[in-house]
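Just upload26.txt here, compact mmCIF, C-alpha atoms:
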# COMPACT_ATOMS: atom_id res chain seq x y z
CA MET A 30 0.00 0.00 0.00
CA THR A 31 2.86 2.34 0.77
CA THR A 32 4.39 1.59 -2.59
CA LEU A 33 1.10 2.27 -4.32
CA PHE A 34 0.76 5.62 -2.56
CA ARG A 35 4.14 6.78 -3.91
CA LEU A 36 3.08 5.93 -7.44
CA VAL A 37 -0.08 7.99 -7.21
CA LEU A 38 1.80 11.05 -5.94
CA ALA A 39 4.37 10.77 -8.69
CA PHE A 40 1.74 10.84 -11.45
CA ALA A 41 -0.10 13.66 -9.78
CA ALA A 42 3.00 15.87 -9.96
CA ALA A 43 3.78 14.95 -13.56
CA GLY A 44 0.19 15.45 -14.66
CA ALA A 45 -0.06 18.92 -13.16
CA ALA A 46 3.00 20.09 -15.08
CA ALA A 47 2.08 18.54 -18.42
CA LEU A 48 -1.58 19.38 -18.51
CA LEU A 49 -1.40 23.05 -17.61
CA GLY A 50 -4.00 25.16 -19.37
CA ALA A 51 -6.23 22.35 -20.58
CA ALA A 52 -9.92 21.98 -19.76
CA PRO A 53 -10.44 20.49 -16.31
CA ALA A 54 -11.80 17.09 -15.50
CA ASN A 55 -11.78 15.41 -12.10
CA ALA A 56 -10.41 12.18 -10.82
CA GLN A 57 -10.16 11.15 -7.29
CA ALA A 58 -7.78 8.76 -5.66
CA THR A 59 -7.78 7.47 -2.11
CA ALA A 60 -4.71 6.25 -0.30
CA TYR A 61 -3.99 5.18 3.21
CA ALA A 62 -1.09 6.20 5.38
CA GLY A 63 -0.74 4.81 8.83
CA GLY A 64 -4.33 3.68 8.73
CA ALA A 65 -5.78 7.18 8.19
CA PRO A 66 -7.48 7.73 4.81
CA VAL A 67 -6.02 10.46 2.63
CA VAL A 68 -8.11 11.74 -0.27
CA LEU A 69 -6.20 13.03 -3.26
CA SER A 70 -7.92 15.19 -5.89
CA ILE A 71 -6.09 14.95 -9.17
CA PRO A 72 -7.26 17.12 -12.09
CA VAL A 73 -7.11 15.19 -15.33
CA THR A 74 -7.35 17.44 -18.39
CA ALA A 75 -6.91 17.16 -22.15
CA SER A 76 -7.72 19.09 -25.29
CA VAL A 77 -7.49 18.79 -29.02
CA GLY A 78 -6.08 21.95 -30.65
CA GLY A 79 -7.16 23.18 -34.05
CA ARG A 80 -5.39 21.39 -36.86
CA CYS A 81 -4.62 23.64 -39.75
CA GLY A 82 -2.55 23.20 -42.86
CA PHE A 83 -2.74 22.94 -46.57
CA ALA A 84 -4.04 19.66 -47.89
CA ASP A 85 -1.38 17.24 -49.04
CA GLY A 86 -0.01 18.40 -52.37
CA ALA A 87 -2.40 21.32 -52.48
CA ALA A 88 -0.42 24.20 -51.00
CA PRO A 89 -0.30 27.35 -53.10
CA SER A 90 2.72 26.87 -55.30
CA GLY A 91 3.94 27.60 -58.77
CA THR A 92 5.45 30.12 -61.12
CA TYR A 93 3.69 32.55 -63.39
CA SER A 94 5.57 34.30 -66.13
CA GLN A 95 4.15 36.90 -68.48
CA ASP A 96 6.16 38.45 -71.28
CA ASP A 97 5.48 42.10 -72.05
CA PHE A 98 3.32 42.34 -68.95
CA ASP A 99 3.38 46.10 -69.30
CA ARG A 100 1.30 45.70 -72.43
CA GLN A 101 -0.45 42.41 -71.75
CA GLY A 102 -1.22 42.84 -68.08
CA LEU A 103 -1.08 40.06 -65.49
CA SER A 104 -3.65 37.40 -64.65
CA SER A 105 -3.02 34.09 -63.01
CA THR A 106 -4.76 32.02 -60.36
CA PHE A 107 -3.15 29.59 -57.95
CA ALA A 108 -5.62 27.23 -56.37
CA PHE A 109 -4.98 25.66 -53.00
CA THR A 110 -6.84 23.53 -50.54
CA LEU A 111 -7.12 24.22 -46.86
CA ASN A 112 -7.24 21.47 -44.31
CA CYS A 113 -8.28 23.24 -41.15
CA THR A 114 -10.63 21.82 -38.56
CA GLY A 115 -11.58 25.29 -37.36
CA PRO A 116 -11.28 28.95 -38.30
CA SER A 117 -8.05 29.87 -40.01
CA ARG A 118 -6.10 32.83 -41.27
CA VAL A 119 -4.16 33.06 -44.51
CA ALA A 120 -1.59 35.78 -45.10
CA VAL A 121 0.77 36.77 -47.89
CA VAL A 122 4.14 38.47 -48.01
CA SER A 123 5.52 39.98 -51.19
CA GLY A 124 9.28 39.70 -51.26
CA ASN A 125 9.77 42.78 -53.41
CA GLY A 126 6.55 44.68 -52.84
CA GLY A 127 5.83 44.39 -56.55
CA LEU A 128 7.58 43.22 -59.67
CA VAL A 129 11.10 44.54 -59.64
CA THR A 130 14.00 44.43 -62.07
CA SER A 131 17.62 45.30 -61.56
CA GLY A 132 19.07 48.48 -62.92
CA THR A 133 18.74 52.13 -62.21
CA ALA A 134 15.69 53.98 -63.43
CA ALA A 135 16.31 57.57 -64.46
CA THR A 136 13.74 60.30 -63.94
CA GLY A 137 10.55 59.40 -65.75
CA TYR A 138 11.31 55.69 -65.63
CA THR A 139 10.71 53.02 -63.07
CA ALA A 140 12.04 49.56 -62.32
CA ARG A 141 9.07 48.53 -60.18
CA ALA A 142 5.56 47.51 -61.19
CA ASP A 143 2.81 47.05 -58.68
CA TYR A 144 0.07 44.47 -59.09
CA ASP A 145 -2.91 43.15 -57.18
CA VAL A 146 -3.04 40.03 -55.05
CA THR A 147 -6.45 38.53 -54.28
CA LEU A 148 -7.12 35.90 -51.65
CA ASN A 149 -10.31 33.86 -51.70
CA LEU A 150 -11.02 31.31 -48.98
CA VAL A 151 -13.85 28.79 -48.89
CA SER A 152 -15.14 26.78 -45.95
CA THR A 153 -16.05 23.12 -46.01
CA ASP A 154 -19.70 23.62 -46.70
CA GLY A 155 -19.02 26.50 -49.05
CA LYS A 156 -21.30 28.77 -47.08
CA THR A 157 -18.53 30.76 -45.51
CA THR A 158 -16.07 32.60 -47.63
CA ALA A 159 -13.52 35.32 -47.18
CA ALA A 160 -12.02 37.41 -49.92
CA ALA A 161 -9.82 40.46 -50.12
CA THR A 162 -7.48 42.20 -52.53
CA CYS A 163 -4.38 44.21 -51.83
CA ALA A 164 -1.62 45.72 -53.90
CA ALA A 165 1.65 43.83 -53.72
CA SER A 166 3.23 47.04 -52.47
CA ALA A 167 1.11 46.70 -49.32
CA LEU A 168 2.20 43.13 -48.76
CA THR A 169 5.73 43.68 -47.59
CA THR A 170 6.38 42.72 -44.01
CA SER A 171 5.67 46.31 -43.03
CA GLY A 172 2.81 46.78 -45.47
CA ALA A 173 -0.65 48.02 -44.61
CA CYS A 174 -2.68 45.20 -46.15
CA ALA A 175 -5.00 43.39 -43.80
CA PHE A 176 -3.71 40.01 -44.95
CA ARG A 177 -0.06 40.96 -45.01
CA GLY A 178 1.88 38.03 -43.64
CA PRO A 179 3.19 36.17 -41.91
CA ALA A 180 -0.02 34.60 -40.64
CA SER A 181 -0.75 34.34 -36.97
CA THR A 182 -3.79 33.90 -34.80
CA ALA A 183 -4.42 37.63 -35.20
CA GLN A 184 -2.95 38.41 -38.64
CA GLY A 185 -4.21 37.40 -42.04
CA LEU A 186 -7.47 36.98 -43.89
CA ARG A 187 -9.76 35.08 -41.52
CA LEU A 188 -12.01 32.27 -42.62
CA GLY A 189 -14.48 31.81 -39.81
CA ALA A 190 -15.29 28.17 -40.36
CA ALA A 191 -13.52 24.89 -40.93
CA SER A 192 -12.28 24.06 -44.37
CA VAL A 193 -11.33 20.43 -44.57
CA ASN A 194 -9.99 19.45 -47.96
CA GLN A 195 -12.35 21.91 -49.55
CA THR A 196 -11.43 23.11 -53.02
CA GLY A 197 -12.20 26.60 -54.21
CA SER A 198 -9.68 28.65 -52.32
CA TYR A 199 -7.19 30.54 -54.45
CA LEU A 200 -4.64 33.27 -54.70
CA ARG A 201 -4.81 35.44 -57.80
CA VAL A 202 -2.33 37.94 -59.19
CA SER A 203 -3.54 40.53 -61.63
CA ALA A 204 -2.73 43.85 -63.22
CA PRO A 205 -4.03 45.74 -66.21
CA PRO A 206 -1.70 46.89 -68.98
CA VAL A 207 0.40 49.79 -67.81
CA SER A 208 -1.06 53.12 -68.72
CA GLY A 209 0.55 56.43 -68.01
CA GLY A 210 2.95 57.21 -65.23
CA SER A 211 6.59 56.38 -65.28
CA GLN A 212 7.82 54.12 -68.04
CA LEU A 213 8.98 50.66 -67.08
CA ILE A 214 12.53 50.04 -68.15
CA GLN A 215 13.35 46.99 -70.21
CA GLY A 216 14.12 43.92 -68.17
CA THR A 217 12.93 40.83 -66.38
CA TYR A 218 10.82 41.58 -63.34
CA THR A 219 10.33 39.19 -60.44
CA ASP A 220 8.55 38.87 -57.16
CA THR A 221 7.94 36.03 -54.72
CA LEU A 222 4.75 35.65 -52.71
CA THR A 223 4.96 33.65 -49.53
CA ILE A 224 1.65 32.37 -48.26
CA THR A 225 1.31 31.32 -44.64
CA LEU A 226 -1.56 29.78 -42.77
CA SER A 227 -2.48 29.71 -39.14
CA VAL A 228 -5.32 28.60 -36.94
CA ALA A 229 -7.53 31.53 -35.94
CA PRO A 230 -9.39 31.31 -32.67
CA MET B 6 -6.53 2.72 -7.41
CA LYS B 7 -5.11 0.91 -10.41
CA LYS B 8 -7.91 2.35 -12.53
CA THR B 9 -7.05 5.87 -11.40
CA ILE B 10 -3.43 5.50 -12.43
CA ALA B 11 -4.42 4.20 -15.85
CA THR B 12 -6.67 7.21 -16.44
CA ILE B 13 -3.87 9.66 -15.76
CA LEU B 14 -1.53 7.90 -18.18
CA VAL B 15 -3.99 8.08 -21.05
CA ALA B 16 -4.66 11.80 -20.51
CA ALA B 17 -0.97 12.66 -20.60
CA ALA B 18 -0.41 10.72 -23.81
CA GLY B 19 -3.33 12.43 -25.51
CA LEU B 20 -2.02 15.90 -24.75
CA ALA B 21 1.39 15.11 -26.11
CA ALA B 22 -0.14 14.27 -29.51
CA THR B 23 -2.07 17.57 -29.80
CA PRO B 24 -0.69 19.94 -32.50
CA SER B 25 0.56 23.37 -31.59
CA TYR B 26 -2.32 25.84 -31.45
CA ALA B 27 -0.52 28.44 -33.56
CA GLN B 28 0.64 25.98 -36.17
CA SER B 29 1.46 27.63 -39.50
CA VAL B 30 2.45 26.34 -42.89
CA THR B 31 3.78 27.98 -46.00
CA GLY B 32 3.30 28.07 -49.76
CA THR B 33 5.30 29.98 -52.34
CA VAL B 34 4.30 31.56 -55.63
CA ASN B 35 6.83 33.13 -57.99
CA VAL B 36 5.65 35.88 -60.29
CA THR B 37 7.84 36.84 -63.22
CA GLY B 38 7.32 39.18 -66.11
CA THR B 39 9.31 40.86 -68.82
CA VAL B 40 9.21 44.28 -70.35
CA GLY B 41 10.57 44.25 -73.86
CA GLY B 42 12.77 47.01 -75.18
CA ARG B 43 10.97 49.41 -77.46
CA CYS B 44 10.61 52.95 -78.63
CA SER B 45 7.26 54.53 -79.26
CA VAL B 46 5.81 57.90 -79.94
CA VAL B 47 3.46 59.06 -77.24
CA ALA B 48 1.70 62.38 -77.21
CA PRO B 49 2.79 64.73 -74.43
CA GLY B 50 0.67 64.03 -71.38
CA GLY B 51 -0.04 60.46 -72.42
CA GLY B 52 -2.08 58.65 -75.00
CA THR B 53 -1.85 55.74 -77.36
CA GLU B 54 1.56 54.58 -78.44
CA VAL B 55 2.29 54.82 -82.15
CA GLN B 56 5.35 53.98 -84.15
CA THR B 57 5.55 57.02 -86.39
CA PHE B 58 5.38 60.74 -86.13
CA SER B 59 5.23 63.42 -88.76
CA GLY B 60 5.24 67.14 -89.09
CA ALA B 61 6.11 69.90 -91.47
CA ILE B 62 8.80 72.54 -91.58
CA ASP B 63 7.36 75.13 -93.90
CA LEU B 64 9.98 77.72 -94.83
CA GLN B 65 7.48 79.68 -96.87
CA ARG B 66 9.13 81.82 -99.49
CA LEU B 67 12.71 80.72 -100.07
CA ASP B 68 13.89 83.53 -102.28
CA ALA B 69 14.95 87.00 -101.28
CA ALA B 70 14.01 90.12 -103.15
CA ASP B 71 16.96 89.61 -105.49
CA GLY B 72 15.86 86.10 -106.33
CA THR B 73 18.60 84.32 -104.44
CA LEU B 74 18.13 82.12 -101.41
CA ARG B 75 17.18 84.14 -98.34
CA SER B 76 20.25 84.99 -96.33
CA THR B 77 18.63 84.07 -93.05
CA LEU B 78 18.22 80.55 -94.31
CA VAL B 79 21.81 80.46 -95.44
CA ALA B 80 23.05 81.78 -92.12
CA SER B 81 20.93 79.51 -89.96
CA THR B 82 22.78 77.19 -87.62
CA GLY B 83 22.13 74.19 -85.50
CA ALA B 84 21.56 76.42 -82.50
CA SER B 85 19.39 78.76 -84.54
CA PRO B 86 17.63 76.63 -87.15
CA ALA B 87 16.01 77.91 -90.32
CA ASP B 88 13.21 80.31 -89.46
CA SER B 89 13.37 78.90 -85.91
CA LEU B 90 11.12 76.09 -87.04
CA SER B 91 11.18 72.55 -85.78
CA VAL B 92 9.01 69.49 -85.43
CA ALA B 93 8.84 68.28 -81.87
CA THR B 94 7.49 65.07 -80.44
CA ARG B 95 7.71 62.84 -77.42
CA VAL B 96 9.47 59.54 -77.91
CA MET B 97 9.51 56.90 -75.20
CA CYS B 98 12.33 54.36 -75.21
CA ASN B 99 12.69 52.02 -72.27
CA THR B 100 16.18 50.82 -73.05
CA ALA B 101 19.38 52.18 -71.63
CA ASN B 102 21.02 53.44 -74.80
CA PRO B 103 18.77 54.06 -77.81
CA THR B 104 20.12 54.77 -81.27
CA VAL B 105 19.08 57.83 -83.25
CA GLY B 106 19.41 58.01 -87.03
CA ILE B 107 18.65 60.71 -89.58
CA ILE B 108 18.68 61.03 -93.36
CA ALA B 109 17.24 63.71 -95.65
CA THR B 110 16.77 64.63 -99.29
CA PRO B 111 17.60 68.03 -100.80
CA LEU B 112 14.93 70.63 -101.29
CA ASN B 113 13.99 70.72 -104.93
CA THR B 114 11.11 71.23 -107.27
CA GLY B 115 11.07 67.62 -108.19
CA GLY B 116 11.05 68.32 -111.89
CA ALA B 117 13.48 66.85 -114.31
CA THR B 118 13.98 70.18 -115.96
CA VAL B 119 17.31 71.74 -115.19
CA PRO B 120 17.09 75.53 -115.03
CA GLY B 121 19.47 77.52 -117.13
CA ALA B 122 22.86 78.79 -116.10
CA GLY B 123 22.75 81.03 -113.05
CA TYR B 124 19.59 79.40 -111.75
CA SER B 125 18.95 76.64 -109.29
CA ASN B 126 16.06 74.46 -108.27
CA ASP B 127 18.04 72.35 -105.83
CA ILE B 128 18.86 73.42 -102.28
CA ASN B 129 21.02 71.50 -99.88
CA TYR B 130 20.83 71.81 -96.14
CA THR B 131 21.71 70.07 -92.93
CA ALA B 132 19.00 68.24 -91.07
CA GLN B 133 19.37 67.67 -87.37
CA VAL B 134 17.58 65.75 -84.67
CA LYS B 135 18.10 66.87 -81.12
CA VAL B 136 17.18 64.38 -78.41
CA ASN B 137 16.92 65.27 -74.76
CA THR B 138 18.44 62.68 -72.49
CA ALA B 139 17.66 61.49 -68.99
CA SER B 140 20.59 63.33 -67.44
CA GLY B 141 19.21 66.66 -68.64
CA ALA B 142 21.70 66.92 -71.49
CA SER B 143 20.95 66.44 -75.18
CA LYS B 144 22.36 64.58 -78.13
CA THR B 145 22.25 65.97 -81.67
CA VAL B 146 22.72 63.96 -84.83
CA THR B 147 23.01 65.72 -88.18
CA TYR B 148 22.86 64.81 -91.84
CA SER B 149 24.07 66.94 -94.71
CA THR B 150 22.24 66.53 -98.01
CA LEU B 151 25.27 67.97 -99.70
CA VAL B 152 27.41 65.12 -98.47
CA GLY B 153 24.63 62.59 -98.86
CA GLY B 154 25.25 58.92 -98.39
CA ALA B 155 23.92 56.61 -95.72
CA ALA B 156 21.94 57.80 -92.76
CA ALA B 157 23.86 59.30 -89.89
CA SER B 158 23.29 57.62 -86.57
CA ALA B 159 24.56 57.65 -83.02
CA GLN B 160 23.70 56.14 -79.68
CA LEU B 161 22.55 58.46 -76.96
CA GLY B 162 24.89 57.01 -74.40
CA GLU B 163 22.11 57.08 -71.84
CA ARG B 164 18.34 56.88 -71.62
CA ILE B 165 16.16 59.23 -73.54
CA ALA B 166 14.50 61.78 -71.28
CA GLY B 167 11.43 60.49 -69.51
CA GLY B 168 8.46 62.49 -68.39
CA SER B 169 5.54 63.81 -70.33
CA ALA B 170 7.19 66.60 -72.31
CA ASN B 171 8.49 66.52 -75.85
CA ASN B 172 12.02 65.22 -76.02
CA VAL B 173 12.81 65.11 -79.74
CA ALA B 174 13.11 68.08 -82.09
CA VAL B 175 13.86 67.98 -85.81
CA SER B 176 15.00 71.04 -87.69
CA VAL B 177 17.10 72.16 -90.68
CA PHE B 178 19.79 74.77 -91.10
CA GLY B 179 22.59 75.96 -93.36
CA LEU B 180 20.66 75.99 -96.59
CA SER B 181 22.68 76.48 -99.81
CA ALA B 182 21.55 76.65 -103.40
CA LYS B 183 23.18 74.26 -105.76
CA GLY B 184 25.19 76.44 -108.10
CA GLY B 185 26.24 78.92 -105.51
CA ALA B 186 24.89 81.70 -103.35
CA SER B 187 24.33 83.96 -106.36
CA SER B 188 22.12 81.44 -108.12
CA LEU B 189 18.59 82.56 -108.69
CA LEU B 190 15.97 80.15 -107.47
CA ALA B 191 13.76 78.78 -110.15
CA GLU B 192 10.04 79.07 -109.64
CA GLY B 193 8.33 76.11 -108.12
CA LYS B 194 7.36 74.30 -104.98
CA TYR B 195 10.34 72.90 -103.20
CA THR B 196 9.97 69.81 -101.09
CA SER B 197 12.17 67.39 -99.24
CA VAL B 198 11.90 64.72 -96.62
CA VAL B 199 13.77 64.31 -93.36
CA THR B 200 13.54 60.81 -91.92
CA VAL B 201 14.38 60.19 -88.28
CA THR B 202 14.68 56.73 -86.82
CA ILE B 203 14.98 56.01 -83.12
CA ASN B 204 15.39 52.42 -82.08
CA PRO B 205 15.90 50.82 -78.69
CA THR B 206 19.31 49.28 -79.46
CA MET B 207 18.48 45.77 -78.30
Represent the structure of the file as C-alpha cells.
Amino acid sequence: MTTLFRLVLAFAAAGAAALLGAAPANAQATAYAGGAPVVLSIPVTASVGGRCGFADGAAPSGTYSQDDFDRQGLSSTFAFTLNCTGPSRVAVVSGNGGLVTSGTAATGYTARADYDVTLNLVSTDGKTTAAATCAASALTTSGACAFRGPASTAQGLRLGAASVNQTGSYLRVSAPPVSGGSQLIQGTYTDTLTITLSVAP
Amino acid sequence: MKKTIATILVAAAGLAATPSYAQSVTGTVNVTGTVGGRCSVVAPGGGTEVQTFSGAIDLQRLDAADGTLRSTLVASTGASPADSLSVATRVMCNTANPTVGIIATPLNTGGATVPGAGYSNDINYTAQVKVNTASGASKTVTYSTLVGGAAASAQLGERIAGGSANNVAVSVFGLSAKGGASSLLAEGKYTSVVTVTINPTM
C-alpha cells in the first residue's frame, strides 16, 4: 500500500505540469497512510487543438511568367486547398513589394511595377467565404494590407469556419496593362509571394 | 486505485499528440514578367503609343528680293535653325542606350527640268535631330544633303528623357543653293523629306 501511494503522488506531480492550461476534469484517488485515509484530488485534463494546414499536395505553389506584362497585363490564379478543422487565417508576403528588375531607373522611368493580389477562402460547406485584394506594395512585411503576412492567430485573412480538404480557395495575381505614369525600363521583373496559414481562434 | 493511475496515463499521452495551437504552414508563388525594349511615340501628357510621327517645316518663301536664297536661311545654324522652325514630339524608349538616325533629301522642285545657267532648283541643307536625355543633357545627330550617303546615326549614351514633355526636335539649317549663293531660285514648290529613326538598341 505504501508503494502504491508513492506511485499515485508521482503521477499527480507529472500530470499537473504537463496538462497546464487544458480543460479540467476530475479524478479522485484514495490512499492510506498509517491507517488514516487520505483523499487526493487529481485534475485530469486534455484538449485537441485546431489542426490547420494545406491539404497534401495542395499548397499554393507555382510560377507565373508573363512576357510584355506592361502591355499584356497580369492574370493568373493559384488554387490551393485548406485542411483546417476550425477557423483559419491566410496571409501573404511579397518579397519585393511588386515586380522589380535590376538596374537604375532615371527620372521618368521606373524599375518597379505594382500588381494586385487577391485571396479567396472557402469553408467546407461552401457557405462561408472570405475574400480580399491588396496591392503587392502593401504586402511587404511592413505593409498596410489586412492580410499581409506572416499569418498568426491575429494576422491574415480570416475564414471563420472549418475548411477540410475543400477546393475553391485561391490566390490570384492581376494587373491591367500599364497606362501612363513612369515608363517601365526593359528587363525581367520578379517577385515572390509567400503564403502562410495559421489557426484563428 | 489501479484504474485511477491508468486514467492519468492516457490523458498525458493524448495531450502530447495535440498539435501546436498556432501551427502555421507555407506556400510559395513566384511571379515573373518581362518588359521588352521598345521605342514609341506618345503624345505629351499620355495617349496611345504609335510607331511614327510626322510634321512639317514650312519655310514659306525661299527667295529674297533679289531672287537668291534668303540669307537668313543660309546663315541659320544648329543652334538657330532655319526660321526657328522645328518638329517636336515625345518619344519613349525604355532601353538604356537608344540609337538615333537621320537622313534627308535636298529641297527641290522635283522636276526633271534643269534651269538655265545662273539658276537653281536644288537646295542642300543640314538636317538635325536633337534628343533630350535622362541626365538633362541632349544629343544631336546631323545629316548633310550635300554630303549625302547613308543615314547618320549615333547612340545616346544614356536613356532618352522620360516624363511627359516633348524630347525630340527635328530642324534644318545651313541651306545652300546648288550652283552657288548667287544662283537665282527657279520658280516652283520645293519639297524634301527628313527621316528620323529612333530604335531601342536591343
Using 7 Å as the limit and counting all atoms listed in the file, can you tabulate each residue of chain A that touches chain B, with its shortest atom-to-atom distance in Å and the two atoms involved, as JSON lines?
{"residue": "A:Val37", "atom": "CA", "partner": "B:Ile10", "partner_atom": "CA", "distance": 6.7}
{"residue": "A:Gly44", "atom": "CA", "partner": "B:Ala17", "partner_atom": "CA", "distance": 6.7}
{"residue": "A:Ala47", "atom": "CA", "partner": "B:Ala17", "partner_atom": "CA", "distance": 7.0}
{"residue": "A:Ala58", "atom": "CA", "partner": "B:Met6", "partner_atom": "CA", "distance": 6.4}
{"residue": "A:Val73", "atom": "CA", "partner": "B:Ile13", "partner_atom": "CA", "distance": 6.4}
{"residue": "A:Thr74", "atom": "CA", "partner": "B:Ala16", "partner_atom": "CA", "distance": 6.6}
{"residue": "A:Ala75", "atom": "CA", "partner": "B:Leu20", "partner_atom": "CA", "distance": 5.7}
{"residue": "A:Ser76", "atom": "CA", "partner": "B:Leu20", "partner_atom": "CA", "distance": 6.6}
{"residue": "A:Val77", "atom": "CA", "partner": "B:Thr23", "partner_atom": "CA", "distance": 5.6}
{"residue": "A:Gly78", "atom": "CA", "partner": "B:Tyr26", "partner_atom": "CA", "distance": 5.5}
{"residue": "A:Gly79", "atom": "CA", "partner": "B:Tyr26", "partner_atom": "CA", "distance": 6.1}
{"residue": "A:Arg80", "atom": "CA", "partner": "B:Pro24", "partner_atom": "CA", "distance": 6.6}
{"residue": "A:Cys81", "atom": "CA", "partner": "B:Gln28", "partner_atom": "CA", "distance": 6.8}
{"residue": "A:Gly82", "atom": "CA", "partner": "B:Val30", "partner_atom": "CA", "distance": 5.9}
{"residue": "A:Ala88", "atom": "CA", "partner": "B:Gly32", "partner_atom": "CA", "distance": 5.5}
{"residue": "A:Pro89", "atom": "CA", "partner": "B:Gly32", "partner_atom": "CA", "distance": 5.0}
{"residue": "A:Ser90", "atom": "CA", "partner": "B:Val34", "partner_atom": "CA", "distance": 5.0}
{"residue": "A:Gly91", "atom": "CA", "partner": "B:Val34", "partner_atom": "CA", "distance": 5.1}
{"residue": "A:Thr92", "atom": "CA", "partner": "B:Asn35", "partner_atom": "CA", "distance": 4.6}
{"residue": "A:Tyr93", "atom": "CA", "partner": "B:Val36", "partner_atom": "CA", "distance": 5.0}
{"residue": "A:Ser94", "atom": "CA", "partner": "B:Thr37", "partner_atom": "CA", "distance": 4.5}
{"residue": "A:Gln95", "atom": "CA", "partner": "B:Gly38", "partner_atom": "CA", "distance": 4.6}
{"residue": "A:Asp96", "atom": "CA", "partner": "B:Thr39", "partner_atom": "CA", "distance": 4.7}
{"residue": "A:Asp97", "atom": "CA", "partner": "B:Val40", "partner_atom": "CA", "distance": 4.6}
{"residue": "A:Phe98", "atom": "CA", "partner": "B:Gly38", "partner_atom": "CA", "distance": 5.8}
{"residue": "A:Asp99", "atom": "CA", "partner": "B:Val40", "partner_atom": "CA", "distance": 6.2}
{"residue": "A:Ala135", "atom": "CA", "partner": "B:Ala139", "partner_atom": "CA", "distance": 6.1}
{"residue": "A:Thr136", "atom": "CA", "partner": "B:Gly167", "partner_atom": "CA", "distance": 6.0}
{"residue": "A:Gly137", "atom": "CA", "partner": "B:Gly167", "partner_atom": "CA", "distance": 4.0}
{"residue": "A:Tyr138", "atom": "CA", "partner": "B:Gly167", "partner_atom": "CA", "distance": 6.2}
{"residue": "A:Ser181", "atom": "CA", "partner": "B:Ala27", "partner_atom": "CA", "distance": 6.8}
{"residue": "A:Thr182", "atom": "CA", "partner": "B:Ala27", "partner_atom": "CA", "distance": 6.5}
{"residue": "A:Gly209", "atom": "CA", "partner": "B:Gly51", "partner_atom": "CA", "distance": 6.0}
{"residue": "A:Gln212", "atom": "CA", "partner": "B:Asn99", "partner_atom": "CA", "distance": 6.8}
{"residue": "A:Leu213", "atom": "CA", "partner": "B:Asn99", "partner_atom": "CA", "distance": 6.5}
{"residue": "A:Ile214", "atom": "CA", "partner": "B:Asn99", "partner_atom": "CA", "distance": 4.6}
{"residue": "A:Gln215", "atom": "CA", "partner": "B:Val40", "partner_atom": "CA", "distance": 5.0}
{"residue": "A:Gly216", "atom": "CA", "partner": "B:Val40", "partner_atom": "CA", "distance": 5.4}
{"residue": "A:Thr217", "atom": "CA", "partner": "B:Thr39", "partner_atom": "CA", "distance": 4.4}
{"residue": "A:Tyr218", "atom": "CA", "partner": "B:Gly38", "partner_atom": "CA", "distance": 5.1}
{"residue": "A:Thr219", "atom": "CA", "partner": "B:Thr37", "partner_atom": "CA", "distance": 4.4}
{"residue": "A:Asp220", "atom": "CA", "partner": "B:Val36", "partner_atom": "CA", "distance": 5.2}
{"residue": "A:Thr221", "atom": "CA", "partner": "B:Asn35", "partner_atom": "CA", "distance": 4.5}
{"residue": "A:Leu222", "atom": "CA", "partner": "B:Val34", "partner_atom": "CA", "distance": 5.0}
{"residue": "A:Thr223", "atom": "CA", "partner": "B:Thr33", "partner_atom": "CA", "distance": 4.6}
{"residue": "A:Ile224", "atom": "CA", "partner": "B:Gly32", "partner_atom": "CA", "distance": 4.8}
{"residue": "A:Thr225", "atom": "CA", "partner": "B:Thr31", "partner_atom": "CA", "distance": 4.4}
{"residue": "A:Leu226", "atom": "CA", "partner": "B:Ser29", "partner_atom": "CA", "distance": 4.9}
{"residue": "A:Ser227", "atom": "CA", "partner": "B:Ser29", "partner_atom": "CA", "distance": 4.5}
{"residue": "A:Val228", "atom": "CA", "partner": "B:Ala27", "partner_atom": "CA", "distance": 5.9}
- Item | region 196-200 of chain A surroundings by only C-alpha atoms, 9 Å radius, close-in-sequence under 3 positions cut, as a PyMOL selection string | chain A and resi 89+105-111+146-153+155+158+192-193
- Would you mind listing what lies within 8 Å of region 57-60 of chain B as a list in words, with all atoms listed in the file counted and same-chain residues fewer than 6 positions away left out?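 In the requested form, the answer reads Ser45, Val46, Val92 and Thr94 of chain B.
Nearest to Leu161 (chain B) of all the residues B:Val175, B:Ala61, B:Val105, B:Leu90 is B:Val105, counting all atoms listed in the file.
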- Task: Go ahead and find all residues with at least one atom no further than 12 Å from (-0.1, 42.0, -47.2) in the file's coordinates, using only C-alpha atoms; report them as an NGL selection string.
- Result: :A and (119-127 or 145-148 or 161-180 or 184-186 or 222-225)
- Coordinates-based distance that separates CA of Ile108 (chain B) from CA of Ala122 (chain B) (Å, one decimal):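 These two atoms are separated by 29.2 Å.
The space between CA of Gly86 (chain A) and CA of Asn194 (chain A) spans 11.0 Å.
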- Item | Within 10 Å of Ala109 (chain B) using only C-alpha atoms, minus same-chain residues under 6 positions, as a list of chain:residue names |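 Once the adjacent positions are removed, what remains is B:Asn129, B:Tyr130, B:Thr131, B:Ala132, B:Gln133, B:Thr147, B:Tyr148, B:Ser149, B:Thr150, B:Leu151, B:Gly153, B:Gly154, B:Ala155, B:Ala156, B:Ala157, B:Val177, B:Ser197, B:Val198, B:Val199, B:Thr200, B:Val201.
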- Between CA of Gly189 (chain A) and CA of Ala87 (chain A), distance in Å (one decimal):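 Computing the Euclidean distance for CA of Gly189 (chain A) and CA of Ala87 (chain A) yields 20.4 Å.
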Edge lengths and centre in Å to one decimal, as lines of an AutoDock Vina configuration file, is what I'm after for the box along x, y and z that holds all listed atoms of region 176-188 of chain B once 3 Å is added on each side.
center_x = 20.6
center_y = 77.5
center_z = -97.9
size_x = 17.2
size_y = 18.9
size_z = 26.4
- Would you please work out which residue, of B:Ile128, B:Ala84, B:Val134, B:Val119, is nearest to Val173 (chain B) when using only C-alpha atoms?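 Residue with the minimum atom-to-atom distance to Val173 (chain B): B:Val134.
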- Item | Which of A:Thr114, A:Ser70, A:Ser211, A:Ser203 sits closest to Ala134 (chain A) [using only C-alpha atoms] |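 Of A:Thr114, A:Ser70, A:Ser211, A:Ser203, the one nearest Ala134 (chain A), counting only C-alpha atoms, is A:Ser211.
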